[in-house]
$ cat data-v4.csv   # CSV, C-alpha atoms
chain,number,residue,atom,x,y,z
A,870,MET,CA,-2.6,85.1,-14.9
A,871,GLU,CA,-0.4,82.2,-15.7
A,872,HIS,CA,-1.7,78.7,-14.9
A,873,ARG,CA,0.8,76.0,-14.2
A,874,ALA,CA,-0.1,72.3,-13.9
A,875,LEU,CA,1.4,70.5,-10.9
A,876,VAL,CA,2.7,67.2,-12.2
A,877,VAL,CA,2.5,64.5,-9.5
A,878,ALA,CA,4.2,61.2,-10.1
A,879,LEU,CA,2.8,58.2,-8.1
A,880,ALA,CA,4.7,55.0,-7.2
A,881,ARG,CA,3.8,52.1,-5.0
A,882,GLN,CA,6.0,50.2,-2.6
A,883,PRO,CA,4.8,46.8,-1.4
A,884,ILE,CA,4.2,46.1,2.3
A,885,PHE,CA,4.7,42.4,2.9
A,886,ASP,CA,3.4,40.3,5.8
A,887,ARG,CA,5.6,37.8,7.6
A,888,CYS,CA,4.8,35.2,5.0
A,889,CYS,CA,6.1,37.5,2.3
A,890,ASP,CA,2.6,38.0,0.8
A,891,VAL,CA,1.7,41.6,-0.2
A,892,TYR,CA,-0.5,43.1,2.5
A,893,GLY,CA,-0.8,46.6,0.9
A,894,TYR,CA,1.1,49.3,-0.8
A,895,GLU,CA,2.6,52.5,0.4
A,896,ILE,CA,1.7,55.2,-2.2
A,897,LEU,CA,4.7,57.5,-2.8
A,898,TYR,CA,4.2,60.8,-4.6
A,899,ARG,CA,6.6,63.3,-6.0
A,900,THR,CA,6.3,66.5,-7.9
A,901,ALA,CA,8.1,67.2,-11.1
A,902,GLU,CA,10.1,69.9,-9.3
A,903,GLY,CA,11.1,67.6,-6.5
A,904,ALA,CA,11.3,64.2,-8.2
A,905,ALA,CA,14.5,63.2,-6.4
A,906,ALA,CA,12.8,63.0,-3.0
A,907,ALA,CA,9.5,61.9,-1.6
A,908,VAL,CA,7.5,64.9,-0.4
A,909,GLY,CA,5.2,65.3,2.6
A,910,GLY,CA,3.5,68.6,2.4
A,911,GLU,CA,4.6,69.9,-1.0
A,912,PRO,CA,1.8,68.9,-3.3
A,913,GLY,CA,-1.6,70.3,-2.4
A,914,ALA,CA,-4.3,68.0,-1.1
A,915,ASP,CA,-6.2,68.4,-4.3
A,916,ALA,CA,-3.3,67.3,-6.5
A,917,ILE,CA,-2.8,64.1,-4.5
A,918,ALA,CA,-6.5,63.3,-4.4
A,919,ASN,CA,-6.9,64.0,-8.1
A,920,ALA,CA,-3.9,61.9,-8.9
A,921,LEU,CA,-5.2,59.0,-6.9
A,922,VAL,CA,-8.7,59.3,-8.5
A,923,THR,CA,-7.3,59.8,-12.0
A,924,VAL,CA,-5.0,56.7,-11.8
A,925,GLY,CA,-7.5,54.8,-9.6
A,926,LEU,CA,-6.8,52.8,-6.5
A,927,ASP,CA,-7.7,49.6,-8.3
A,928,THR,CA,-4.9,50.3,-10.8
A,929,LEU,CA,-2.4,51.2,-8.1
A,930,VAL,CA,-3.1,48.6,-5.5
A,931,GLY,CA,-5.7,46.1,-6.8
A,932,GLU,CA,-7.7,44.8,-3.9
A,933,ARG,CA,-5.0,45.7,-1.4
A,934,ARG,CA,-5.0,48.8,0.9
A,935,ALA,CA,-3.2,52.0,0.0
A,936,PHE,CA,-1.0,53.6,2.7
A,937,VAL,CA,-1.0,57.3,1.9
A,938,ASN,CA,1.5,59.6,3.5
A,939,LEU,CA,0.1,62.7,5.1
A,940,ALA,CA,1.9,65.8,6.5
A,941,THR,CA,0.3,68.2,8.9
A,942,GLU,CA,-1.1,70.4,6.2
A,943,GLN,CA,-2.9,67.5,4.6
A,944,ILE,CA,-4.2,66.1,7.9
A,945,VAL,CA,-5.9,69.4,8.8
A,946,GLY,CA,-6.7,70.2,5.2
A,947,ASP,CA,-9.4,68.7,3.0
A,948,ILE,CA,-7.8,65.6,1.5
A,949,ILE,CA,-9.0,63.0,4.0
A,950,PRO,CA,-12.7,63.0,3.0
A,951,ALA,CA,-11.6,62.6,-0.7
A,952,LEU,CA,-10.1,59.2,0.1
A,953,PRO,CA,-12.2,56.0,0.6
A,954,PRO,CA,-11.7,54.8,4.2
A,955,GLU,CA,-12.2,51.2,3.3
A,956,ARG,CA,-9.3,51.3,0.8
A,957,VAL,CA,-6.9,53.8,2.4
A,958,VAL,CA,-4.7,53.8,5.5
A,959,LEU,CA,-3.8,57.3,6.5
A,960,GLU,CA,0.0,57.3,7.2
A,961,VAL,CA,1.0,60.1,9.6
A,962,LEU,CA,4.5,61.2,8.8
A,963,GLU,CA,7.1,61.4,11.6
A,964,THR,CA,7.2,65.2,11.2
A,965,VAL,CA,3.6,65.6,12.4
A,966,GLN,CA,3.2,66.9,15.9
A,967,PRO,CA,0.2,66.0,18.0
A,968,THR,CA,-1.3,69.5,18.2
A,969,GLY,CA,-5.0,70.0,19.0
A,970,SER,CA,-6.0,70.6,15.4
A,971,VAL,CA,-4.1,67.4,14.2
A,972,LEU,CA,-5.6,65.3,16.9
A,973,THR,CA,-9.1,66.6,16.2
A,974,ALA,CA,-8.7,65.9,12.5
A,975,LEU,CA,-7.4,62.4,13.2
A,976,GLU,CA,-10.1,61.6,15.7
A,977,ASP,CA,-12.7,62.6,13.1
A,978,ALA,CA,-10.9,60.4,10.5
A,979,VAL,CA,-10.9,57.4,12.8
A,980,ALA,CA,-14.6,58.0,13.7
A,981,ALA,CA,-15.3,58.0,9.9
A,982,GLY,CA,-13.7,54.6,9.5
A,983,TYR,CA,-10.1,55.3,8.6
A,984,ASP,CA,-7.2,53.3,10.0
A,985,LEU,CA,-4.0,55.3,10.9
A,986,ALA,CA,-0.4,54.3,10.6
A,987,LEU,CA,2.4,56.2,12.3
A,988,ASP,CA,5.4,56.4,9.9
A,989,ASP,CA,9.1,56.0,10.9
A,990,PHE,CA,7.9,56.0,14.5
A,991,THR,CA,10.2,56.3,17.5
A,992,TYR,CA,8.5,56.0,20.9
A,993,ASP,CA,8.2,59.2,22.9
A,994,ASP,CA,5.5,59.9,25.6
A,995,ARG,CA,4.4,63.0,23.8
A,996,PHE,CA,3.1,60.8,20.9
A,997,LYS,CA,0.7,58.8,23.2
A,998,PRO,CA,-2.4,60.6,21.8
A,999,LEU,CA,-1.4,59.5,18.3
A,1000,LEU,CA,-0.7,55.9,19.5
A,1001,GLU,CA,-4.1,55.8,21.0
A,1002,LEU,CA,-5.6,56.5,17.6
A,1003,ALA,CA,-3.3,54.3,15.5
A,1004,ARG,CA,-3.8,50.8,14.2
A,1005,TYR,CA,-0.3,50.4,12.7
A,1006,VAL,CA,3.1,51.7,13.8
A,1007,LYS,CA,5.9,51.5,11.2
A,1008,VAL,CA,9.3,51.1,12.9
A,1009,ASP,CA,12.6,51.6,11.1
A,1010,VAL,CA,14.7,48.5,11.8
A,1011,LEU,CA,17.7,49.2,9.6
A,1012,GLY,CA,20.8,49.5,11.7
A,1013,LYS,CA,19.0,49.4,15.0
A,1014,ASN,CA,20.4,47.7,18.0
A,1015,PRO,CA,18.3,44.6,18.7
A,1016,ARG,CA,18.0,45.6,22.4
A,1017,ALA,CA,16.9,49.1,21.5
A,1018,LEU,CA,14.4,47.7,19.1
A,1019,LEU,CA,13.0,45.3,21.7
A,1020,LYS,CA,12.7,48.1,24.2
A,1021,GLU,CA,10.7,50.1,21.7
A,1022,ILE,CA,8.4,47.2,20.9
A,1023,LYS,CA,7.7,46.6,24.6
A,1024,ALA,CA,6.8,50.3,25.0
A,1025,LEU,CA,4.3,50.0,22.1
A,1026,ARG,CA,2.6,46.7,23.3
A,1027,PRO,CA,0.1,48.4,25.6
A,1028,PHE,CA,-1.4,50.3,22.7
A,1029,GLY,CA,-2.4,47.2,20.8
A,1030,VAL,CA,-1.0,48.5,17.5
A,1031,GLU,CA,0.2,46.2,14.7
A,1032,LEU,CA,3.9,46.7,14.0
A,1033,VAL,CA,5.2,47.1,10.5
A,1034,ALA,CA,9.0,46.8,10.0
A,1035,GLU,CA,10.4,49.5,7.7
A,1036,LYS,CA,13.7,49.4,5.8
A,1037,VAL,CA,13.7,45.6,5.5
A,1038,GLU,CA,15.7,45.7,2.3
A,1039,SER,CA,17.3,42.2,2.3
A,1040,ARG,CA,16.7,38.7,3.3
A,1041,ALA,CA,19.3,39.0,6.1
A,1042,VAL,CA,17.4,41.9,7.7
A,1043,PHE,CA,14.1,40.0,7.3
A,1044,ILE,CA,15.3,37.0,9.2

$ encode --input "data-v4.csv" --output "structure tokens"
Amino acid sequence: MEHRALVVALARQPIFDRCCDVYGYEILYRTAEGAAAAVGGEPGADAIANALVTVGLDTLVGERRAFVNLATEQIVGDIIPALPPERVVLEVLETVQPTGSVLTALEDAVAAGYDLALDDFTYDDRFKPLLELARYVKVDVLGKNPRALLKEIKALRPFGVELVAEKVESRAVFI
């Protein structure tokens, strides 16, 4: 039987607050086979957890929090208990559907002390169960019509979530 090691490359992308101070880091991971694009469900939960443990959260994010992307397979799998809830925000990818098993796993995670972030979120009523569990909602602002963005923000207000603007890649977009 041939054993192949899965090579996982980790990177971090800063998340800034409105004063331009680093609030946390989104942890991005790629496999050697798919290094050109970030992956959601490709690496196994063990590979991601091992990479985070091997490198160490202190090395990756210092005292800040790590936002770790999770696809459906990872949410319903066994990666969540391997991550420290006080250091990690579970970032639910936009491809995740609010099925019974996903909601149960996320409810358990929130009960265990994890914060949830919804990634690349666009409001839709079917995602209300996820919004009720989330602390953060990451909204892509690049190229969005200001009126459409305002409408989306108004729809999210009743859920009491903290909004995180994504794709703010220049000073002009920031302002």

$ closest_residue --input "data-v4.csv" --among "A:Lys997, A:Thr941, A:Cys889, A:Val965" --to "A:Pro1027" --atoms "only C-alpha atoms"
A:Lys997

$ residues_around --input "data-v4.csv" --residues "A:Val891" --least-positions-apart "6" --cutoff "12 Å" --atoms "all atoms listed in the file" --output "list in words"
Arg881, Gln882, Pro883, Ile884, Phe885, Val930, Gly931, Glu932, Arg933, Arg934 and Ala935 of chain A

$ write_last_selection --input "data-v4.csv" --atoms "C-alpha atoms" --output "PDB file, in the coordinates of the input"
ATOM      1  CA  ARG A 881       3.800  52.100  -5.000  1.00  0.00           C
ATOM      2  CA  GLN A 882       6.000  50.200  -2.600  1.00  0.00           C
ATOM      3  CA  PRO A 883       4.800  46.800  -1.400  1.00  0.00           C
ATOM      4  CA  ILE A 884       4.200  46.100   2.300  1.00  0.00           C
ATOM      5  CA  PHE A 885       4.700  42.400   2.900  1.00  0.00           C
ATOM      6  CA  VAL A 930      -3.100  48.600  -5.500  1.00  0.00           C
ATOM      7  CA  GLY A 931      -5.700  46.100  -6.800  1.00  0.00           C
ATOM      8  CA  GLU A 932      -7.700  44.800  -3.900  1.00  0.00           C
ATOM      9  CA  ARG A 933      -5.000  45.700  -1.400  1.00  0.00           C
ATOM     10  CA  ARG A 934      -5.000  48.800   0.900  1.00  0.00           C
ATOM     11  CA  ALA A 935      -3.200  52.000   0.000  1.00  0.00           C
TER      12      ALA A 935
END

$ atom_distance --input "data-v4.csv" --atom1 "atom CA of A:Lys1023" --atom2 "atom CA of A:Ala986"
17.9 Å

$ closest_residue --input "data-v4.csv" --among "A:Ile1022, A:Val1037, A:Ala974, A:Phe1043" --to "A:Tyr992" --atoms "all atoms listed in the file"
A:Ile1022

$ atom_distance --input "data-v4.csv" --atom1 "atom CA of A:Leu879" --atom2 "atom CA of A:Glu960"
15.6 Å

$ closest_residue --input "data-v4.csv" --among "A:Leu939, A:Leu1000, A:Ala1034, A:Val971" --to "A:Val957" --atoms "all atoms listed in the file"
A:Leu939

$ residues_near_point --input "data-v4.csv" --point "(6.9, 64.0, 9.3)" --cutoff "10 Å" --atoms "all atoms listed in the file" --output "PyMOL selection string"
chain A and resi 908-910+938-941+960-966+987-990

$ atom_distance --input "data-v4.csv" --atom1 "atom CA of A:Lys1020" --atom2 "atom CA of A:Arg995"
17.1 Å

$ closest_residue --input "data-v4.csv" --among "A:Arg956, A:Gly982, A:Asp927, A:Thr973" --to "A:Ile944" --atoms "only C-alpha atoms"
A:Thr973
